[in-house]
$ cat structure-v9.txt   # compact mmCIF, C-alpha atoms
# COMPACT_ATOMS: atom_id res chain seq x y z
CA MET R 1 50.86 -41.24 -13.29
CA GLY R 2 51.81 -43.80 -15.89
CA LYS R 3 49.44 -46.15 -17.59
CA LYS R 4 48.81 -49.26 -15.53
CA ASP R 5 49.14 -52.76 -16.84
CA THR R 6 45.65 -54.08 -16.21
CA ASN R 7 46.46 -57.64 -17.18
CA VAL R 8 46.23 -60.02 -14.26
CA ARG R 9 47.31 -63.63 -14.19
CA MET R 10 44.09 -65.56 -13.67
CA SER R 11 44.16 -68.44 -11.26
CA LEU R 12 41.34 -70.31 -9.60
CA GLN R 13 41.96 -68.39 -6.38
CA THR R 14 41.90 -65.07 -8.22
CA LEU R 15 38.57 -66.01 -9.78
CA ARG R 16 37.17 -66.89 -6.37
CA VAL R 17 38.26 -63.52 -4.98
CA LEU R 18 36.68 -61.72 -7.93
CA GLU R 19 33.52 -63.76 -7.53
CA ALA R 20 33.23 -62.64 -3.90
CA PHE R 21 33.39 -59.02 -4.98
CA LEU R 22 31.10 -59.47 -7.97
CA GLU R 23 28.27 -60.69 -5.73
CA ASN R 24 27.90 -57.06 -4.72
CA PRO R 25 30.22 -54.83 -6.75
CA THR R 26 29.75 -51.82 -4.50
CA VAL R 27 30.67 -53.61 -1.30
CA GLN R 28 33.94 -52.95 0.48
CA LEU R 29 35.58 -56.02 1.92
CA ALA R 30 38.54 -56.48 4.24
CA GLY R 31 40.97 -59.31 3.72
CA ALA R 32 39.48 -61.23 6.64
CA GLU R 33 36.00 -61.03 5.10
CA VAL R 34 37.29 -62.22 1.74
CA HIS R 35 38.94 -65.10 3.56
CA GLN R 36 35.64 -66.00 5.21
CA ARG R 37 33.77 -65.90 1.90
CA CYS R 38 36.33 -67.69 -0.26
CA GLY R 39 38.25 -69.80 2.24
CA ILE R 40 41.53 -68.83 0.61
CA ALA R 41 44.57 -68.96 2.86
CA SER R 42 46.15 -65.66 3.79
CA GLY R 43 49.42 -66.54 2.09
CA THR R 44 47.59 -66.63 -1.23
CA LEU R 45 44.91 -64.04 -0.56
CA TYR R 46 46.99 -60.96 0.20
CA PRO R 47 49.26 -61.24 -2.86
CA ILE R 48 46.13 -61.58 -5.00
CA LEU R 49 44.55 -58.48 -3.45
CA LEU R 50 47.74 -56.48 -3.98
CA ARG R 51 48.09 -57.81 -7.52
CA LEU R 52 44.56 -56.78 -8.40
CA GLU R 53 45.07 -53.41 -6.75
CA SER R 54 48.28 -52.68 -8.62
CA ALA R 55 46.51 -53.64 -11.86
CA GLY R 56 43.78 -51.13 -11.11
CA TRP R 57 40.99 -53.65 -10.61
CA PHE R 58 40.71 -52.81 -6.91
CA VAL R 59 41.15 -49.73 -4.82
CA SER R 60 41.75 -49.92 -1.12
CA GLN R 61 41.39 -47.50 1.74
CA TRP R 62 41.51 -47.56 5.50
CA GLU R 63 38.26 -48.07 7.34
CA SER R 64 36.97 -44.77 8.67
CA VAL R 65 36.57 -45.78 12.29
CA ASP R 66 38.27 -44.61 15.43
CA PRO R 67 40.11 -47.63 16.83
CA SER R 68 39.67 -46.37 20.40
CA ILE R 69 35.89 -46.17 19.94
CA ALA R 70 35.49 -49.30 17.85
CA GLY R 71 37.73 -51.27 20.19
CA ARG R 72 39.65 -52.79 17.32
CA PRO R 73 42.21 -51.64 14.77
CA ARG R 74 41.01 -50.15 11.50
CA ARG R 75 40.88 -52.54 8.58
CA ARG R 76 42.00 -52.11 5.01
CA LEU R 77 38.94 -52.26 2.76
CA TYR R 78 39.03 -53.27 -0.88
CA ARG R 79 36.51 -52.34 -3.54
CA LEU R 80 36.14 -53.09 -7.23
CA THR R 81 36.87 -50.21 -9.58
CA SER R 82 34.88 -49.62 -12.75
CA THR R 83 37.80 -51.07 -14.69
CA GLY R 84 37.92 -54.05 -12.36
CA LEU R 85 34.20 -54.61 -12.65
CA ARG R 86 34.35 -54.50 -16.44
CA ARG R 87 37.40 -56.73 -16.70
CA ALA R 88 36.12 -59.23 -14.13
CA SER R 89 32.77 -59.41 -15.93
CA GLU R 90 34.63 -60.03 -19.19
CA VAL R 91 36.67 -62.80 -17.61
CA PHE R 92 33.59 -64.56 -16.24
CA ALA R 93 31.71 -64.03 -19.49
CA SER R 94 34.55 -65.62 -21.46
CA PHE R 95 34.55 -68.55 -19.04
CA ASN R 96 30.82 -68.96 -19.46
CA ARG R 97 31.16 -68.84 -23.24
CA GLY R 98 33.86 -71.50 -23.04
CA VAL R 99 31.71 -73.72 -20.86
CA LEU R 100 28.57 -73.29 -22.93
CA ALA R 101 30.34 -73.63 -26.29
CA MET O 1 37.16 -75.22 26.41
CA SER O 2 38.97 -78.47 25.91
CA GLN O 3 42.49 -79.16 27.06
CA ARG O 4 43.68 -79.05 23.47
CA ASP O 5 42.14 -75.62 22.92
CA GLU O 6 43.71 -74.34 26.13
CA ARG O 7 47.08 -75.42 24.87
CA TRP O 8 46.58 -73.31 21.75
CA THR O 9 45.65 -70.19 23.71
CA GLN O 10 48.89 -69.97 25.59
CA PRO O 11 50.36 -66.46 25.75
CA GLY O 12 53.56 -67.71 24.15
CA LEU O 13 51.66 -68.68 21.05
CA GLU O 14 50.07 -65.25 20.93
CA VAL O 15 53.46 -63.59 21.18
CA ALA O 16 54.78 -65.82 18.43
CA THR O 17 51.81 -64.91 16.22
CA HIS O 18 52.42 -61.19 16.61
CA TRP O 19 56.15 -61.63 16.14
CA LEU O 20 55.57 -63.54 12.89
CA ILE O 21 53.37 -60.76 11.53
CA HIS O 22 55.89 -58.07 12.50
CA TYR O 23 58.64 -60.15 10.95
CA ALA O 24 56.67 -60.72 7.73
CA ALA O 25 55.76 -57.04 7.42
CA ARG O 26 59.35 -55.94 7.99
CA ARG O 27 60.52 -58.17 5.17
CA ALA O 28 57.95 -56.72 2.76
CA PRO O 29 58.91 -53.90 0.37
CA GLU O 30 59.45 -50.71 2.31
CA VAL O 31 56.53 -48.85 0.77
CA LEU O 32 54.14 -51.62 1.79
CA SER O 33 55.63 -52.61 5.12
CA SER O 34 53.65 -50.40 7.50
CA ARG O 35 50.43 -50.80 5.55
CA LEU O 36 50.65 -54.59 5.50
CA GLU O 37 51.51 -54.77 9.19
CA GLU O 38 48.50 -52.70 10.17
CA GLU O 39 46.25 -54.57 7.76
CA TRP O 40 47.35 -57.99 8.94
CA LEU O 41 47.12 -57.05 12.62
CA ALA O 42 43.59 -55.78 12.03
CA ASP O 43 42.64 -59.00 10.24
CA LEU O 44 44.26 -60.94 13.06
CA GLU O 45 41.74 -59.45 15.47
CA SER O 46 38.90 -60.99 13.49
CA ARG O 47 40.21 -64.48 14.14
CA SER O 48 39.04 -66.00 17.39
CA SER O 49 40.90 -69.28 17.58
CA ALA O 50 44.58 -69.09 18.46
CA LEU O 51 45.34 -71.80 15.92
CA SER O 52 43.58 -69.81 13.22
CA ARG O 53 45.58 -66.74 14.22
CA LEU O 54 48.80 -68.68 13.95
CA ARG O 55 47.80 -69.90 10.50
CA LEU O 56 47.14 -66.30 9.46
CA ALA O 57 50.56 -65.25 10.72
CA LEU O 58 52.30 -68.09 8.91
CA GLY O 59 50.33 -67.23 5.78
CA CYS O 60 51.51 -63.63 6.06
CA CYS O 61 55.10 -64.85 6.06
CA TRP O 62 54.45 -66.73 2.83
CA ALA O 63 52.54 -63.76 1.42
CA THR O 64 55.60 -61.58 2.02
CA VAL O 65 57.78 -63.94 0.01
CA VAL O 66 55.32 -63.81 -2.89
CA ILE O 67 54.85 -60.04 -2.66
CA VAL O 68 58.59 -59.37 -2.53
CA ASN O 69 59.10 -61.40 -5.69
CA GLU O 70 56.14 -59.98 -7.58
CA TYR O 71 56.39 -56.36 -6.57
CA ALA O 72 60.11 -55.85 -6.84
CA ARG O 73 59.76 -53.98 -10.10
CA ILE O 74 56.10 -53.02 -10.10
CA ARG O 75 54.75 -49.68 -9.13
CA VAL O 76 52.51 -49.90 -6.10
CA PRO O 77 50.52 -47.24 -4.29
CA ALA O 78 52.33 -45.67 -1.40
CA ALA O 79 51.67 -47.07 2.03
CA SER O 80 52.06 -43.86 3.95
CA PRO O 81 48.81 -41.89 4.18
CA VAL O 82 50.78 -38.63 3.92
CA VAL O 83 52.53 -39.70 0.75
CA ALA O 84 49.35 -41.21 -0.63
CA ALA O 85 47.47 -37.98 0.02
CA ARG O 86 49.99 -36.14 -2.15
CA GLY O 87 49.19 -38.53 -4.96
CA TYR O 88 52.67 -39.95 -5.24
CA ILE O 89 53.32 -43.30 -6.68
CA THR O 90 56.43 -44.82 -5.23
CA ARG O 91 58.47 -47.66 -6.47
CA ALA O 92 59.68 -50.67 -4.60
CA ASP O 93 63.32 -50.47 -5.55
CA ARG O 94 64.99 -53.34 -3.86
CA ASN O 95 67.67 -55.50 -5.28
CA PHE O 96 66.49 -59.08 -5.00
CA GLY O 97 69.51 -60.69 -6.65
CA TYR O 98 70.10 -62.13 -10.02
CA PHE O 99 67.69 -65.03 -9.79
CA SER O 100 64.00 -65.23 -9.17
CA LEU O 101 62.67 -67.45 -6.39
CA ARG O 102 61.71 -70.13 -8.90
CA SER O 103 65.16 -70.15 -10.52
CA GLY O 104 66.84 -70.14 -7.14
CA THR O 105 64.78 -73.11 -6.02
CA LEU O 106 65.62 -74.95 -9.24
CA PHE O 107 69.35 -74.34 -8.76
CA LEU O 108 69.11 -75.39 -5.13
CA ILE O 109 67.42 -78.67 -6.06
CA LEU O 110 69.95 -79.31 -8.83
CA GLY O 111 72.80 -78.57 -6.43
CA LEU O 112 71.43 -80.92 -3.81
CA HIS O 113 71.07 -83.66 -6.40
CA ALA O 114 74.63 -83.10 -7.60
CA ALA O 115 75.94 -83.20 -4.03
CA LEU O 116 74.02 -86.39 -3.31
CA PHE O 117 75.28 -87.98 -6.52
CA CYS O 118 78.89 -87.04 -5.75
CA GLY O 119 78.49 -88.33 -2.21
CA LEU O 120 77.17 -91.67 -3.42
CA ILE O 121 79.97 -92.02 -5.98
CA THR O 122 82.61 -91.25 -3.37
CA THR O 123 81.11 -93.67 -0.87
CA PHE O 124 80.80 -96.54 -3.33
CA SER O 125 84.30 -96.07 -4.74
CA HIS O 126 85.69 -96.10 -1.20
CA THR O 127 83.79 -99.34 -0.43
CA ARG O 128 85.15 -101.01 -3.58
CA GLU O 129 88.71 -100.15 -2.62
CA LEU O 130 88.24 -101.75 0.77
CA ALA O 131 86.74 -104.90 -0.74
CA THR O 132 89.68 -105.45 -3.11
CA GLN O 133 92.41 -107.63 -1.67
CA PRO O 134 95.87 -106.07 -1.59
CA ASN O 135 98.35 -107.48 -4.05
CA LEU O 136 100.66 -109.34 -1.64
CA PRO O 137 103.85 -111.05 -2.85
CA ASN O 138 103.80 -114.85 -2.58
CA GLN O 139 106.55 -116.45 -0.52
CA VAL O 140 107.47 -120.12 -0.27
CA LEU O 141 108.37 -121.23 3.23
CA ASN O 142 111.09 -123.88 3.05
CA THR O 143 111.39 -124.52 6.74
CA VAL O 144 108.50 -124.75 9.01
CA PRO O 145 109.29 -124.20 12.68
CA ILE O 146 108.16 -127.35 14.51
CA GLU O 147 109.58 -126.72 17.93
CA MET O 148 106.84 -125.86 20.22
CA THR O 149 107.38 -125.21 23.85
CA ALA O 150 105.00 -126.83 26.23
CA LEU O 151 102.52 -124.58 27.83
CA PRO O 152 103.20 -123.81 31.46
CA GLY O 153 101.50 -126.18 33.88
CA ARG O 154 101.51 -129.17 31.52

$ encode --input "structure-v9.txt" --output "structure tokens"
Amino acid sequence: MGKKDTNVRMSLQTLRVLEAFLENPTVQLAGAEVHQRCGIASGTLYPILLRLESAGWFVSQWESVDPSIAGRPRRRLYRLTSTGLRRASEVFASFNRGVLA
Amino acid sequence: MSQRDERWTQPGLEVATHWLIHYAARRAPEVLSSRLEEEWLADLESRSSALSRLRLALGCCWATVVIVNEYARIRVPAASPVVAARGYITRADRNFGYFSLRSGTLFLILGLHAALFCGLITTFSHTRELATQPNLPNQVLNTVPIEMTALPGR
């Protein structure tokens, strides 16, 4: 597997998505839950999630539930990686330094 | 439930919502298509209001446009669980033309402006031609006919 380009174009919406995950870095969130937390429209949200995943900041996996038992389809869950956690923390730290400077 | 809410829960709207998501997923890069469709349909179930579901579906259509443009030449994890289990990384190899969406939009706007400008020029030049009097030759009438027949009944 080749080396991933971990640079991500930072926008306000991307920061809001990262902020939702940084509240609890171990939590796994589906796109619908991120939408509820951030209020970002789906047309913006899903490209951001895929962008962060392709950059290695997020990993995603299918929810381990049986749709017939749960009564709903399985969701795609996203989680911060160690790289994503470090890079997101750096981004917010640089913003804080810029604000406080 | 109000009358307005009832209008938004019509089965036709629900069919349209699902169709939009299927359509958006089909237009996504092949490696992501099935994954996105399943993901979006699952997220659709979490929305209660029909209007909210329609907004999600329309958003998915826009998301596909963005994803297609961004992920045309970027390696993305495989959508298929079988392929993903083998650890393959696939590539979204689709030819999306010579221009990006932004360049295409710019050329479209420039083209529309040029067409409008040409249309205005053509219209105004045509109006000016109509307003100009034709260059008629002047003639001097030496004899004026003065005989006039009486109108019938007088």

$ closest_atom_pairs --input "structure-v9.txt" --of "region 10-89 of chain R" --to "region 33-49 of chain O" --cutoff "9 Å" --atoms "only C-alpha atoms" --output "tab-separated table"
residue	atom	partner	partner_atom	distance
R:Ala30	CA	O:Asp43	CA	7.7
R:Gly31	CA	O:Asp43	CA	6.7
R:Ala32	CA	O:Asp43	CA	5.3
R:Glu33	CA	O:Asp43	CA	8.6
R:Trp62	CA	O:Glu39	CA	8.8
R:Arg72	CA	O:Glu45	CA	7.2
R:Pro73	CA	O:Ala42	CA	5.2
R:Arg74	CA	O:Ala42	CA	6.2
R:Arg75	CA	O:Ala42	CA	5.5
R:Arg76	CA	O:Glu39	CA	5.6

$ closest_atom_pairs --input "structure-v9.txt" --of "chain O" --to "chain R" --cutoff "6 Å" --atoms "all atoms listed in the file" --output "Markdown table"
| residue | atom | partner | partner_atom | distance |
| --- | --- | --- | --- | --- |
| O:Glu39 | CA | R:Arg76 | CA | 5.6 |
| O:Ala42 | CA | R:Pro73 | CA | 5.2 |
| O:Asp43 | CA | R:Ala32 | CA | 5.3 |
| O:Leu56 | CA | R:Ser42 | CA | 5.8 |
| O:Gly59 | CA | R:Gly43 | CA | 3.9 |
| O:Cys60 | CA | R:Gly43 | CA | 5.3 |
| O:Trp62 | CA | R:Gly43 | CA | 5.1 |
| O:Ala63 | CA | R:Gly43 | CA | 4.2 |
| O:Ile67 | CA | R:Pro47 | CA | 5.7 |
| O:Val76 | CA | R:Ser54 | CA | 5.7 |

$ closest_residue --input "structure-v9.txt" --among "R:Val27, R:Gly56, R:Val65, R:Arg9" --to "Gly84 (chain R)" --atoms "all atoms listed in the file"
R:Gly56

$ atom_distance --input "structure-v9.txt" --atom1 "CA of Trp19 (chain O)" --atom2 "CA of Arg53 (chain O)"
11.9 Å

$ atom_distance --input "structure-v9.txt" --atom1 "CA of Val15 (chain O)" --atom2 "CA of Val66 (chain O)"
24.1 Å
